[in-house]
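Next up, entry19.cif (mmCIF, C-alpha atoms and all ligand atoms):
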```
data_model
#
loop_
_atom_site.label_atom_id
_atom_site.label_comp_id
_atom_site.auth_asym_id
_atom_site.auth_seq_id
_atom_site.Cartn_x
_atom_site.Cartn_y
_atom_site.Cartn_z
CA MET A 1 -22.60 -10.96 -3.36
CA ARG A 2 -19.92 -9.33 -5.52
CA VAL A 3 -17.86 -6.85 -3.56
CA LEU A 4 -15.06 -4.42 -4.34
CA VAL A 5 -13.27 -2.65 -1.48
CA LEU A 6 -10.88 0.25 -2.10
CA THR A 7 -8.74 1.47 0.80
CA GLY A 8 -6.24 4.18 1.58
CA ALA A 9 -4.05 5.40 4.41
CA GLY A 10 -7.04 6.35 6.59
CA VAL A 11 -7.73 2.66 7.23
CA SER A 12 -4.29 2.27 8.84
CA ALA A 13 -4.46 5.57 10.72
CA GLU A 14 -6.01 3.92 13.78
CA SER A 15 -3.07 1.48 13.81
CA GLY A 16 -0.72 4.43 14.29
CA ILE A 17 0.45 4.72 10.67
CA PRO A 18 0.39 8.37 9.51
CA THR A 19 -1.73 9.24 6.51
CA PHE A 20 -0.23 11.39 3.74
CA ARG A 21 -2.46 14.44 3.60
CA GLY A 22 -4.03 14.37 7.10
CA ASN A 23 -3.03 16.89 9.82
CA ASP A 24 0.09 14.96 10.83
CA GLY A 25 0.34 13.37 7.39
CA TYR A 26 3.68 12.58 5.74
CA TRP A 27 3.20 15.09 2.94
CA ARG A 28 2.37 17.84 5.47
CA ASN A 29 5.80 17.58 7.01
CA LEU A 30 7.97 16.02 4.33
CA ASP A 31 8.57 16.89 0.69
CA PRO A 32 7.47 13.98 -1.54
CA THR A 33 9.81 15.17 -4.28
CA LYS A 34 12.71 14.48 -1.90
CA LEU A 35 11.53 11.05 -0.80
CA ALA A 36 9.05 9.41 -3.18
CA THR A 37 10.31 9.89 -6.74
CA PRO A 38 12.93 7.98 -8.78
CA GLU A 39 14.84 11.26 -9.12
CA ALA A 40 14.98 11.70 -5.34
CA PHE A 41 16.30 8.15 -4.98
CA ALA A 42 18.97 8.70 -7.63
CA ARG A 43 19.96 11.95 -5.91
CA ASP A 44 20.17 10.60 -2.33
CA PRO A 45 19.41 6.86 -1.93
CA GLN A 46 20.53 6.88 1.70
CA LEU A 47 17.99 9.59 2.63
CA VAL A 48 15.21 7.64 0.92
CA TRP A 49 16.24 4.32 2.48
CA ASP A 50 16.37 5.91 5.93
CA TRP A 51 12.78 7.11 5.49
CA TYR A 52 11.56 3.71 4.30
CA ARG A 53 13.45 2.02 7.07
CA GLU A 54 11.65 4.26 9.61
CA ARG A 55 8.30 3.50 7.97
CA ARG A 56 9.00 -0.25 7.90
CA GLN A 57 9.81 -0.18 11.62
CA ARG A 58 6.65 1.76 12.44
CA ILE A 59 4.56 -0.76 10.47
CA ARG A 60 6.22 -3.71 12.21
CA ASN A 61 5.29 -2.16 15.56
CA ALA A 62 1.71 -1.64 14.39
CA ARG A 63 -1.20 -4.10 14.45
CA PRO A 64 -4.20 -4.48 12.16
CA ASN A 65 -7.23 -2.63 13.58
CA ALA A 66 -10.95 -3.44 13.55
CA ALA A 67 -11.28 -1.99 10.02
CA HIS A 68 -8.67 -4.41 8.66
CA ASP A 69 -10.32 -7.29 10.55
CA ALA A 70 -13.78 -6.41 9.17
CA ILE A 71 -12.50 -6.30 5.59
CA ALA A 72 -10.80 -9.68 6.10
CA ARG A 73 -14.08 -11.11 7.40
CA LEU A 74 -15.93 -9.82 4.33
CA ALA A 75 -13.23 -11.29 2.06
CA ARG A 76 -13.72 -14.71 3.66
CA TRP A 77 -17.52 -14.44 3.48
CA THR A 78 -17.88 -13.98 -0.29
CA ASP A 79 -15.95 -15.57 -3.15
CA GLU A 80 -16.55 -12.63 -5.47
CA PHE A 81 -14.39 -10.20 -3.60
CA LEU A 82 -11.46 -7.96 -4.38
CA LEU A 83 -9.61 -5.54 -2.12
CA VAL A 84 -7.62 -2.86 -3.94
CA THR A 85 -5.43 -1.03 -1.45
CA GLN A 86 -3.17 1.94 -2.01
CA ASN A 87 -1.44 1.08 1.26
CA VAL A 88 2.07 -0.37 1.09
CA ASP A 89 1.85 -1.66 4.67
CA ASP A 90 1.05 -5.32 5.36
CA LEU A 91 -1.86 -4.79 7.76
CA HIS A 92 -4.55 -6.10 5.41
CA ALA A 93 -2.51 -9.26 4.86
CA ARG A 94 -1.81 -9.63 8.59
CA ALA A 95 -5.56 -9.30 9.23
CA GLY A 96 -6.00 -12.33 6.98
CA VAL A 97 -6.97 -11.08 3.52
CA ALA A 98 -5.72 -13.75 1.11
CA ALA A 99 -3.20 -12.61 -1.51
CA GLU A 100 -5.48 -13.73 -4.36
CA LYS A 101 -8.22 -11.42 -3.05
CA MET A 102 -6.00 -8.36 -2.65
CA VAL A 103 -4.18 -5.97 -4.98
CA GLN A 104 -1.52 -3.68 -3.47
CA ILE A 105 -1.63 -1.19 -6.32
CA HIS A 106 1.21 0.96 -4.93
CA GLY A 107 3.40 -2.00 -4.05
CA ASP A 108 4.66 -3.53 -0.79
CA ILE A 109 7.04 -1.61 1.47
CA PHE A 110 8.69 -4.86 2.64
CA VAL A 111 9.78 -5.75 -0.88
CA THR A 112 13.33 -4.71 -1.85
CA ARG A 113 13.98 -4.87 -5.57
CA CYS A 114 16.73 -4.09 -8.04
CA THR A 115 16.50 -0.83 -9.97
CA ARG A 116 17.72 -2.61 -13.09
CA CYS A 117 17.07 -6.39 -13.16
CA GLU A 118 14.24 -8.62 -11.88
CA PHE A 119 15.99 -9.46 -8.61
CA SER A 120 13.87 -8.78 -5.55
CA TYR A 121 13.12 -10.22 -2.12
CA VAL A 122 10.59 -9.75 0.63
CA GLY A 123 11.70 -9.35 4.23
CA ARG A 124 9.41 -8.56 7.14
CA GLY A 125 12.10 -9.07 9.78
CA GLY A 126 14.87 -6.56 10.65
CA SER A 127 15.35 -3.67 8.18
CA PRO A 128 16.68 -3.77 5.57
CA GLU A 129 16.90 -7.48 5.34
CA ARG A 130 19.80 -9.19 3.61
CA PRO A 131 19.37 -12.56 1.89
CA GLU A 132 21.71 -15.05 3.52
CA SER A 133 23.23 -15.73 0.11
CA TRP A 134 24.75 -12.28 -0.15
CA ALA A 135 28.53 -12.23 0.00
CA THR A 136 30.03 -8.99 1.31
CA LYS A 137 31.77 -8.19 -1.97
CA SER A 138 30.20 -8.03 -5.45
CA LYS A 139 31.76 -8.87 -8.81
CA SER A 140 33.04 -5.30 -9.14
CA GLY A 141 34.66 -5.66 -5.75
CA ARG A 142 32.30 -3.00 -4.44
CA LEU A 143 31.57 -3.49 -0.76
CA ARG A 144 28.09 -5.06 -0.86
CA SER A 145 26.93 -4.52 2.69
CA ILE A 146 28.65 -4.92 5.95
CA ALA A 147 25.96 -6.41 8.20
CA PRO A 148 24.55 -3.40 10.01
CA THR A 149 25.27 -3.65 13.70
CA SER A 150 21.97 -1.92 14.54
CA ASP A 151 18.98 -0.55 12.81
CA ASP A 152 20.28 2.97 13.10
CA HIS A 153 22.82 2.59 10.33
CA VAL A 154 21.65 1.23 7.02
CA ASN A 155 23.84 0.89 3.99
CA VAL A 156 22.40 1.39 0.58
CA ARG A 157 22.09 -1.99 -1.05
CA TRP A 158 23.50 -3.32 -4.32
CA CYS A 159 21.99 -6.05 -6.42
CA PRO A 160 23.85 -9.37 -6.06
CA LYS A 161 22.90 -10.17 -9.66
CA CYS A 162 23.73 -7.01 -11.57
CA ASP A 163 25.31 -4.66 -9.05
CA ALA A 164 22.67 -1.95 -9.51
CA LEU A 165 21.07 -0.11 -6.59
CA MET A 166 18.28 -1.86 -4.69
CA ARG A 167 15.14 0.15 -3.91
CA PRO A 168 11.91 -0.25 -1.89
CA GLY A 169 9.24 -2.19 -3.88
CA VAL A 170 6.73 0.67 -3.89
CA VAL A 171 5.32 2.91 -6.64
CA TRP A 172 6.73 6.42 -6.60
CA PHE A 173 5.30 9.60 -8.07
CA GLY A 174 5.71 9.72 -11.81
CA GLU A 175 5.98 5.93 -12.08
CA GLN A 176 3.68 3.48 -13.85
CA LEU A 177 1.42 1.27 -11.80
CA PRO A 178 2.43 -2.42 -11.84
CA TRP A 179 0.61 -3.59 -14.98
CA LYS A 180 -0.01 -7.14 -13.70
CA GLU A 181 -1.86 -5.69 -10.72
CA VAL A 182 -3.81 -3.26 -12.90
CA GLN A 183 -4.79 -6.24 -15.07
CA ARG A 184 -6.10 -8.08 -12.01
CA VAL A 185 -8.33 -5.11 -11.11
CA GLU A 186 -9.62 -4.81 -14.67
CA ASP A 187 -10.28 -8.54 -14.88
CA PHE A 188 -12.36 -8.29 -11.71
CA LEU A 189 -14.29 -5.28 -13.05
CA GLU A 190 -14.93 -7.06 -16.36
CA GLY A 191 -16.06 -10.12 -14.42
CA GLY A 192 -19.40 -8.46 -13.63
CA THR A 193 -20.79 -5.44 -11.85
CA CYS A 194 -20.66 -5.37 -8.09
CA ASP A 195 -23.48 -5.38 -5.57
CA VAL A 196 -21.48 -3.33 -3.11
CA VAL A 197 -18.45 -1.05 -3.46
CA ILE A 198 -16.79 0.24 -0.27
CA VAL A 199 -14.26 3.08 -0.43
CA ALA A 200 -12.57 3.68 2.92
CA GLY A 201 -9.88 5.99 4.20
CA THR A 202 -8.74 7.67 1.01
CA THR A 203 -8.81 11.24 -0.31
CA ALA A 204 -9.45 9.59 -3.72
CA THR A 205 -6.79 11.93 -5.07
CA LEU A 206 -5.71 9.48 -7.77
CA GLY A 207 -8.05 9.27 -10.79
CA TYR A 208 -7.86 5.48 -11.18
CA ILE A 209 -9.34 5.03 -7.70
CA ILE A 210 -12.40 7.07 -8.67
CA ASP A 211 -12.59 5.32 -12.08
CA TRP A 212 -12.54 1.86 -10.51
CA ALA A 213 -15.12 2.78 -7.87
CA LEU A 214 -17.50 4.22 -10.48
CA CYS A 215 -16.93 1.39 -12.93
CA ALA A 216 -17.63 -1.25 -10.28
CA SER A 217 -20.82 0.52 -9.16
CA ARG A 218 -22.03 1.34 -12.70
CA ASP A 219 -25.27 -0.72 -12.59
CA GLY A 220 -26.76 0.68 -9.43
CA ALA A 221 -24.50 -1.02 -6.92
CA GLU A 222 -24.29 0.48 -3.44
CA LEU A 223 -21.28 2.79 -3.25
CA ILE A 224 -20.38 3.31 0.41
CA GLU A 225 -17.78 5.93 1.34
CA VAL A 226 -16.26 5.59 4.82
CA ASN A 227 -14.34 8.75 5.65
CA PRO A 228 -14.72 11.46 8.29
CA GLU A 229 -14.10 13.96 5.51
CA GLU A 230 -15.54 14.83 2.11
CA THR A 231 -13.70 13.57 -0.98
CA PRO A 232 -14.19 13.95 -4.76
CA LEU A 233 -15.99 10.59 -4.64
CA SER A 234 -18.58 11.69 -2.06
CA ARG A 235 -21.05 13.04 -4.59
CA PHE A 236 -21.24 9.66 -6.32
CA ALA A 237 -21.73 7.69 -3.11
CA THR A 238 -25.13 6.14 -2.32
CA ARG A 239 -24.15 6.10 1.36
CA LEU A 240 -21.77 8.43 3.22
CA VAL A 241 -20.38 7.20 6.53
CA ARG A 242 -18.52 10.07 8.17
CA GLU A 243 -16.91 7.94 10.86
CA PRO A 244 -13.49 6.39 11.52
CA ALA A 245 -13.12 3.13 9.60
CA ALA A 246 -12.43 1.01 12.70
CA ILE A 247 -15.82 2.10 14.05
CA ALA A 248 -17.87 1.99 10.85
CA LEU A 249 -16.53 -1.03 8.93
CA PRO A 250 -17.30 -3.75 11.55
CA ARG A 251 -20.92 -2.53 11.63
CA ILE A 252 -21.22 -2.27 7.83
CA VAL A 253 -19.76 -5.75 7.37
CA ASP A 254 -22.11 -7.18 10.02
CA GLU A 255 -25.05 -5.72 8.09
CA LEU A 256 -23.83 -7.05 4.73
CA ILE A 257 -23.27 -10.53 6.13
CA ALA A 258 -26.60 -10.50 8.01
CA PHE A 259 -28.70 -9.29 5.07
CA GLY A 260 -26.40 -10.30 2.17
P1 LIG A 301 -4.41 10.45 2.21
O1 LIG A 301 -3.55 10.83 3.33
O2 LIG A 301 -4.43 11.31 0.99
O3 LIG A 301 -5.95 10.38 2.70
C1 LIG A 301 -6.30 9.76 3.89
C2 LIG A 301 -7.82 9.87 3.99
O4 LIG A 301 -8.23 9.06 5.08
C3 LIG A 301 -8.37 11.28 4.22
O5 LIG A 301 -9.46 11.49 3.36
C4 LIG A 301 -8.86 11.24 5.67
O6 LIG A 301 -10.00 12.04 5.88
C5 LIG A 301 -9.19 9.77 5.83
N1 LIG A 301 -9.07 9.26 7.20
C6 LIG A 301 -8.22 9.66 8.16
N2 LIG A 301 -8.39 8.90 9.29
C7 LIG A 301 -9.39 8.02 8.99
C8 LIG A 301 -10.04 6.97 9.71
N3 LIG A 301 -9.69 6.68 10.96
N4 LIG A 301 -11.00 6.25 9.09
C9 LIG A 301 -11.37 6.53 7.80
N5 LIG A 301 -10.78 7.51 7.05
C10 LIG A 301 -9.82 8.24 7.66
O7 LIG A 301 -4.06 8.94 1.84
P2 LIG A 301 -4.45 8.13 0.52
O8 LIG A 301 -5.77 8.54 -0.02
O9 LIG A 301 -4.26 6.71 0.82
O10 LIG A 301 0.72 7.19 -2.98
O11 LIG A 301 -3.29 8.63 -0.50
C11 LIG A 301 -3.26 8.07 -1.78
C12 LIG A 301 -1.84 7.93 -2.23
O12 LIG A 301 -1.19 9.21 -2.18
C13 LIG A 301 -0.98 7.03 -1.35
O13 LIG A 301 -1.08 5.68 -1.64
C14 LIG A 301 0.41 7.56 -1.64
C15 LIG A 301 0.09 9.05 -1.53
O14 LIG A 301 1.01 9.85 -2.11
C16 LIG A 301 2.00 7.13 -3.39
O15 LIG A 301 2.92 7.44 -2.70
C17 LIG A 301 2.18 6.68 -4.80
#
```

Final structure tokens representation of the file:
Amino acid sequence: MRVLVLTGAGVSAESGIPTFRGNDGYWRNLDPTKLATPEAFARDPQLVWDWYRERRQRIRNARPNAAHDAIARLARWTDEFLLVTQNVDDLHARAGVAAEKMVQIHGDIFVTRCTRCEFSYVGRGGSPERPESWATKSKSGRLRSIAPTSDDHVNVRWCPKCDALMRPGVVWFGEQLPWKEVQRVEDFLEGGTCDVVIVAGTTATLGYIIDWALCASRDGAELIEVNPEETPLSRFATRLVREPAAIALPRIVDELIAFG
């Protein structure tokens, strides 16, 4: 069975991670133009880092839920599988979805990368992490980063290679998607039509999510939408499951594996 799964923030909601546009969603209470654009970062990198630090801590304290576990089970069950997630948290990976079967199309919140050169690192421990190799002073003599005594005070980081600002490894509004990841999605779509497409926990606000779901289900595949609410994708779905993902996905995956 060839399966494509597309997920959004709703899948992590039951792990205690806020969505963006839900009642207590991030974009209901915070202004994305102040926190999730390159301009906002240039204007006030400390404000942006403080928000990402808070989000990283919340994700560390969270655990994958039954929806993440069900998707991981499905990924192990069939070789022809791809998960495309808009989520920058690591809950799909922690549930056991292998990296080669997953595309984080909006990046990974635990990646810290240079705004100018290729330097980057991943750190899932304390936030933000500092590679051991970092000296406290850079070439320009600028104070690199005095080891924060606690998580409450986080210095903005400078690249040890080129001295530019370091930023969270996520995609911000107005930025291109990572082309290597887009290529992986397109390669999977070109690799044959799917038997089943599952879209869970997303408002499907971004056009490419709808495009990929429709492209993958173009030859009569089942298109299952799991979302308590209506989305622009609902009218294309062959099956609407208006339930929380942690309730619906274990059942749907059981069925697929039993009758697949
Ligand atoms: P949204 O917050 O836009 O949508 C969350 C969706 O999940 C809504 O449709 C909810 O109805 C649904 N939902 C809530 N709880 C659920 C549950 N327990 N089970 C199933 N569904 C549930 O989040 P996304 O669609 O992921 O991008 O947002 C897409 C992108 O917009 C994000 O990746 C982020 C945001 O701005 C960037 O920052 C680039």

Could I get the residue neighbourhood of ligand LIG 301 (chain A) at 6 Å, counting all atoms listed in the file, as a list in words?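 Listed by chain and ascending number, the contacts are Gly8, Ala9, Gly10, Val11, Ala13, Glu14, Thr19, Phe20, Arg21, Gly22, Gln86, Asn87, His106, Val171, Trp172, Phe173, Ala200, Gly201, Thr202, Thr203, Ala204, Val226, Asn227, Pro228, Glu229, Pro244 and Ala245 of chain A.
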
Who sits within 12 Å of Trp179 of chain A, all atoms listed in the file, same chain under 6 positions skipped, as a PyMOL selection string: chain A and resi 103-107+171+185-187

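Nearest residue to Ile257 of chain A among A:Val196, A:Cys162, A:Val48, A:Leu83 is A:Val196, counting all atoms listed in the file.
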
Pick the closest to Asp44 of chain A from A:Arg56, A:Val156, A:Leu74, A:Phe119: which is it, counting only C-alpha atoms? A:Val156

Identify which of the residues A:Ala164, A:Ile252, A:Ile247, A:Val84 lies closest to Cys114 of chain A, counting all atoms listed in the file when measuring atom-to-atom distances. A:Ala164

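For the atom pair formed by atom CA of Arg94 of chain A and atom CA of Glu80 of chain A, the distance is 20.6 Å, given to one decimal.
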
With a distance cut-off of 10 Å and only C-alpha atoms, select the neighbouring residues of Val199 of chain A, excluding the residue or stretch itself and same-chain residues fewer than 6 positions from it, and output the selection as a list in words. Leu4, Val5, Leu6, Thr7, Gly8, Leu83, Val84, Thr85, Ile209, Ile210, Ala213, Leu223, Ile224, Glu225, Val226, Asn227, Leu233, Ser234, Ala237 and Leu240 of chain A

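Each of A:Ala246, A:Val97, A:Ala36, A:Val253 was checked against Leu82 of chain A using all atoms listed in the file; the smallest atom-to-atom distance is that of A:Val97.
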
Fewer than 3 positions away in the same chain doesn't count, so skip those; otherwise give me all residues within 9 Å of Thr112 of chain A, counting all atoms listed in the file, as a list of chain:residue names. A:Asp108, A:Ile109, A:Phe119, A:Ser120, A:Tyr121, A:Val122, A:Gly123, A:Pro128, A:Glu129, A:Met166, A:Arg167, A:Pro168, A:Gly169, A:Val170

Can you tell me how far atom CA of Ile198 of chain A sits from atom CA of Ser12 of chain A, in Å to one decimal?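 Distance between the two atoms: 15.6 Å.
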
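Note that the spacing between atom CA of Ile17 of chain A and atom CA of Leu206 of chain A amounts to 20.0 Å.
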
Go through A:Leu189, A:Ala258, A:Leu165, A:Ala95 one by one, measure the shortest atom-to-atom distance of each to Ala62 of chain A using all atoms listed in the file, and give the residue with the smallest value. A:Ala95

Nearby residues (all atoms listed in the file) at most 9 Å from Ala72 of chain A, same-chain spacing under 3 positions excluded, as a list in words: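 My reading of the contact set: Ala67, His68, Asp69, Ala75, Arg76, Trp77, His92, Ala93, Ala95, Gly96, Val97 and Ala98 of chain A.
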